[in-house]
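Here is the structure we will look at, set down as structure tokens.
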Amino acid sequence: MRRSFTTTNPRLFPSSATSQPDIQYTPTCPSPSCACTPPPSVANLDIDRTSPILHTKPQYAQHLVLCTGKDDWTSRVEDEEGVAGDILRGLKGEIGRGSPGFDPFNNILTTMSSFPPSLTTTTTTTSSSPSSPQPQTTTTLLLFPSFTLHTLPNPLPPTTLSTFTTAYLKTPPSSLHPSHAPLPPHQKAALTRDPSLAALLPPPTPITTPVILICGHNARDARCGVLGPLLRARFEDVCRDKGVEGVRVATVSHIGGHKFAGNVILYIPASWNPNPLISTTTTAASHGTPRGNGRGIWYGRVGLNEVEGVVEETLIKGRVIGELLRGGVLEDGRDLARVLEARVKGEEKEGEGEGEGEERKLRLRPRARG
């Protein structure tokens, strides 16, 4: 099960707070240089290739990825044994439905991943395949779209999760939803972030290279269970062959939309260059100081023959692929797909009467595939 501790649309920063980023896109995924014949286990999967795919990404304010070192998990990840399960259940007690910190406007998406529990930002290999068991003294958490790596001690001290959620996961005081205005001060305090508590935890490390997450939750759905590991290996091979260094690839637990397998999330930090997808924007919060804007791009229907195109177009050339796009999130909280749609509509108006409309359109419907 995908864990989302709230069900209401998350807070989004006003569009007036930031300038529009220049998001490059291409309508379709290019064919691979050498097409492969999918094995029967993949060719026979029941994948929806006709329904609209845009805006099928779950809404969330932050995405927390737990590094477990495992390739599969219980169907309901909250039933998982071990440290990762303890953390997930603890988080649910802090900010899940029915807890004092529950905020229906602050969705926290939480997933398990195959990354090793003690992942660091200096790992040189792209592989996330579990290695031989080692004594686990820390657990690594990845937080997006802030692009930060956090470590928690193992075993967990009693107050650590409460401190972590209040320091990083709750809503910033300035972003508390207007519906909470009538609440008494103590209830507002239970919902809001206190960054000063971060001093009680190990300092986070910036994530400076892309992270690719592929649903491979076999215990939940065989489609992702079959396709996920194959896609992980294929992404690692293509990144290596094309000289794209530092990319981390992992399978993750359920992220929604199994019928659109393979489901792939690419988190591309602002600091990773030279990717044209990462623009420099000026935000009101930075008082006019230019800063990058990292992206999380959700793709669906990614097969083995689409991997090369995703690496080439999105990681290398910096283009969002329209026909695969389920949605996305910008580092400042805005919906990438909405921003891109607005841009495409503007281009369509500019192209009217110029004979360029069809070439300029973002493809919102799937291309038929054999």
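Residues are named by chain letter and number: chains run A, B, ... in the order of the structure tokens, numbers start at 1 in each chain, and ligands are numbered from 1 in the order shown.
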Contacts of range 77-83 of chain A at 10 Å or less, counting only C-alpha atoms, minus same-chain residues fewer than 3 places along, as a PDB file with C-alpha atoms, in the first residue's frame?
```pdb
ATOM      1  CA  MET A   1       0.000   0.000   0.000  1.00  0.00           C
ATOM      2  CA  ARG A   2       1.123   3.501  -0.802  1.00  0.00           C
ATOM      3  CA  ARG A   3       1.189   5.478   2.430  1.00  0.00           C
ATOM      4  CA  LEU A  66      12.747   4.930   3.366  1.00  0.00           C
ATOM      5  CA  THR A  68      15.334  -0.620   3.395  1.00  0.00           C
ATOM      6  CA  ASP A  72       9.882  -6.334  -1.982  1.00  0.00           C
ATOM      7  CA  TRP A  73       7.675  -5.592   0.995  1.00  0.00           C
ATOM      8  CA  THR A  74       4.423  -6.754   2.548  1.00  0.00           C
ATOM      9  CA  ASP A  86       8.810   0.825  12.913  1.00  0.00           C
ATOM     10  CA  ILE A  87       9.576   4.197  11.327  1.00  0.00           C
ATOM     11  CA  LEU A  88       6.493   4.098   9.116  1.00  0.00           C
ATOM     12  CA  ARG A  89       4.198   3.184  12.000  1.00  0.00           C
ATOM     13  CA  GLY A  90       5.822   5.857  14.141  1.00  0.00           C
ATOM     14  CA  LYS A  92       1.635   7.462  11.190  1.00  0.00           C
ATOM     15  CA  THR A 110       5.828   7.628   2.129  1.00  0.00           C
ATOM     16  CA  THR A 111       7.352   4.681   0.269  1.00  0.00           C
ATOM     17  CA  MET A 112       9.861   1.917   0.918  1.00  0.00           C
ATOM     18  CA  PRO A 117      19.667   1.449   4.741  1.00  0.00           C
ATOM     19  CA  GLN A 136      22.356  -1.538  10.821  1.00  0.00           C
ATOM     20  CA  THR A 138      21.419   4.078  10.988  1.00  0.00           C
ATOM     21  CA  THR A 139      18.510   4.304   8.565  1.00  0.00           C
ATOM     22  CA  ASN A 154      19.015   2.614  15.072  1.00  0.00           C
ATOM     23  CA  PRO A 155      17.509   1.757  17.467  1.00  0.00           C
ATOM     24  CA  LEU A 156      15.363   4.875  17.499  1.00  0.00           C
ATOM     25  CA  HIS A 217       6.034  -3.847  -5.363  1.00  0.00           C
ATOM     26  CA  ALA A 219       3.421  -8.319  -3.193  1.00  0.00           C
ATOM     27  CA  ARG A 220       0.973  -5.579  -4.147  1.00  0.00           C
ATOM     28  CA  SER A 253       6.721   0.178  -2.928  1.00  0.00           C
ATOM     29  CA  HIS A 254       3.313   1.099  -4.327  1.00  0.00           C
TER      30      HIS A 254
END
```
Kindly provide the residues of range 195-271 of chain A that approach range 31-45 of chain A to within 10 Å, each paired with its closest atom pair and their distance in Å to one decimal, based on only C-alpha atoms, listed by chain and increasing number, as CSV.
```
residue,atom,partner,partner_atom,distance
A:Ala222,CA,A:Leu45,CA,8.6
A:Arg223,CA,A:Leu45,CA,6.1
A:Cys224,CA,A:Leu45,CA,9.4
A:Val226,CA,A:Val42,CA,6.9
A:Leu227,CA,A:Val42,CA,6.5
A:Leu230,CA,A:Val42,CA,9.3
A:Lys259,CA,A:Leu45,CA,9.4
A:Ala261,CA,A:Leu45,CA,9.0
```
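CA of Asn218 in chain A is found 27.0 Å from CA of Thr151 in chain A.
Computed from the coordinates, the CA of Ile108 in chain A to CA of Leu64 in chain A distance equals 7.1 Å.
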(message) For Thr251 in chain A, find every residue with an atom within 7 Å (counting only C-alpha atoms), except residues of its own chain fewer than 6 positions away, and show them as a list in words.
(response) Asp71, Ser113, Ser114, Leu213, Ile214, Cys215, Gly216, Gly228, Pro229 and Arg232 of chain A
(request) Could you give me the residues within range 206-319 of chain A that DSSP places in strand (DSSP E), as JSON, numbers by chain? (result) {"A": [206, 211, 212, 213, 214, 215, 248, 249, 250, 251, 252, 264, 265, 266, 267, 268, 280, 281, 282, 290, 291, 292, 295, 296, 297, 298, 299, 319]}
(message) Can you pull out every residue from range 147-331 of chain A that DSSP, working from the backbone, puts in alpha helix (DSSP H), and format the result as JSON, numbers by chain?
(response) {"A": [160, 161, 162, 163, 164, 185, 186, 187, 188, 189, 190, 191, 222, 223, 224, 225, 226, 227, 228, 229, 230, 231, 232, 233, 234, 235, 236, 237, 238, 239, 240, 241, 307, 308, 309, 310]}
For the selection you just gave me, I'd like the residues written to a file as a PDB file, in the first residue's frame, keeping C-alpha atoms.
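Dumped everything to result_36.pdb:
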```pdb
ATOM      1  CA  THR A 160      13.378  11.001  17.475  1.00  0.00           C
ATOM      2  CA  LEU A 161      10.418  10.569  15.114  1.00  0.00           C
ATOM      3  CA  SER A 162       8.439  13.308  16.836  1.00  0.00           C
ATOM      4  CA  THR A 163      11.430  15.619  16.474  1.00  0.00           C
ATOM      5  CA  PHE A 164      11.946  14.663  12.819  1.00  0.00           C
ATOM      6  CA  PRO A 185      -2.900  28.214  19.338  1.00  0.00           C
ATOM      7  CA  HIS A 186      -1.993  24.816  20.788  1.00  0.00           C
ATOM      8  CA  GLN A 187      -3.707  22.981  17.915  1.00  0.00           C
ATOM      9  CA  LYS A 188      -2.024  25.183  15.327  1.00  0.00           C
ATOM     10  CA  ALA A 189       1.301  24.481  17.024  1.00  0.00           C
ATOM     11  CA  ALA A 190       0.690  20.729  16.681  1.00  0.00           C
ATOM     12  CA  LEU A 191       0.342  21.156  12.906  1.00  0.00           C
ATOM     13  CA  ALA A 222       2.436  -8.485 -10.263  1.00  0.00           C
ATOM     14  CA  ARG A 223       2.621  -5.988 -13.123  1.00  0.00           C
ATOM     15  CA  CYS A 224       5.010  -3.716 -11.261  1.00  0.00           C
ATOM     16  CA  GLY A 225       6.592  -6.732  -9.591  1.00  0.00           C
ATOM     17  CA  VAL A 226       7.585  -8.177 -12.968  1.00  0.00           C
ATOM     18  CA  LEU A 227       8.473  -4.966 -14.784  1.00  0.00           C
ATOM     19  CA  GLY A 228      10.100  -2.992 -11.946  1.00  0.00           C
ATOM     20  CA  PRO A 229      13.324  -5.008 -11.509  1.00  0.00           C
ATOM     21  CA  LEU A 230      13.800  -5.254 -15.285  1.00  0.00           C
ATOM     22  CA  LEU A 231      13.435  -1.496 -15.636  1.00  0.00           C
ATOM     23  CA  ARG A 232      15.877  -0.888 -12.800  1.00  0.00           C
ATOM     24  CA  ALA A 233      18.544  -2.985 -14.519  1.00  0.00           C
ATOM     25  CA  ARG A 234      17.802  -1.345 -17.862  1.00  0.00           C
ATOM     26  CA  PHE A 235      18.097   2.195 -16.448  1.00  0.00           C
ATOM     27  CA  GLU A 236      21.418   1.307 -14.822  1.00  0.00           C
ATOM     28  CA  ASP A 237      22.735  -0.141 -18.100  1.00  0.00           C
ATOM     29  CA  VAL A 238      21.605   2.805 -20.241  1.00  0.00           C
ATOM     30  CA  CYS A 239      22.946   5.419 -17.808  1.00  0.00           C
ATOM     31  CA  ARG A 240      26.296   3.636 -17.779  1.00  0.00           C
ATOM     32  CA  ASP A 241      26.420   3.253 -21.566  1.00  0.00           C
ATOM     33  CA  VAL A 307      14.180   3.607 -21.041  1.00  0.00           C
ATOM     34  CA  GLU A 308      16.746   4.861 -23.547  1.00  0.00           C
ATOM     35  CA  GLY A 309      14.377   7.626 -24.614  1.00  0.00           C
ATOM     36  CA  VAL A 310      13.733   8.691 -21.016  1.00  0.00           C
TER      37      VAL A 310
END
```
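Of the residues listed (A:Pro178, A:Pro184, A:Pro100, A:Pro204), A:Pro204 shows the shortest atom-to-atom separation from Leu143 in chain A; distances use only C-alpha atoms.
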(message) Just want the 9 Å neighbourhood of Lys57 in chain A, counted on only C-alpha atoms, with same-chain residues fewer than 3 positions away dropped. Output as a list in words.
(response) Ile53, Leu54, Ile255, Gly256, Gly257, Trp298, Tyr299, Arg326, Gly327 and Gly328 of chain A
Just to be explicit: take each residue in the selection above, keep C-alpha atoms, and write the result as a PDB file, in the first residue's frame.
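File written: part_32.pdb
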```pdb
ATOM      1  CA  ILE A  53      -2.546   9.364 -18.024  1.00  0.00           C
ATOM      2  CA  LEU A  54      -1.939  13.044 -17.308  1.00  0.00           C
ATOM      3  CA  ILE A 255       3.038   4.661  -5.674  1.00  0.00           C
ATOM      4  CA  GLY A 256      -0.369   4.307  -7.325  1.00  0.00           C
ATOM      5  CA  GLY A 257      -1.469   3.486 -10.851  1.00  0.00           C
ATOM      6  CA  TRP A 298       6.231  11.023 -12.833  1.00  0.00           C
ATOM      7  CA  TYR A 299       6.079   8.785 -15.900  1.00  0.00           C
ATOM      8  CA  ARG A 326       1.515  11.337 -15.186  1.00  0.00           C
ATOM      9  CA  GLY A 327       2.403  14.541 -13.364  1.00  0.00           C
ATOM     10  CA  GLY A 328       5.196  16.234 -11.521  1.00  0.00           C
TER      11      GLY A 328
END
```
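The gap separating CA of Gln24 in chain A from CA of Asp48 in chain A is 26.6 Å, in Å to one decimal.
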(message) Just checking: using only C-alpha atoms, which residue out of A:Leu315, A:Leu324, A:Ile23, A:Leu149 ends up closest to Ala342 in chain A?
(response) A:Ile23
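Minimum atom-to-atom distance to Asp46 in chain A, evaluated using only C-alpha atoms, belongs to A:Asp221 out of A:Asp221, A:Trp272, A:Val311, A:Leu91.
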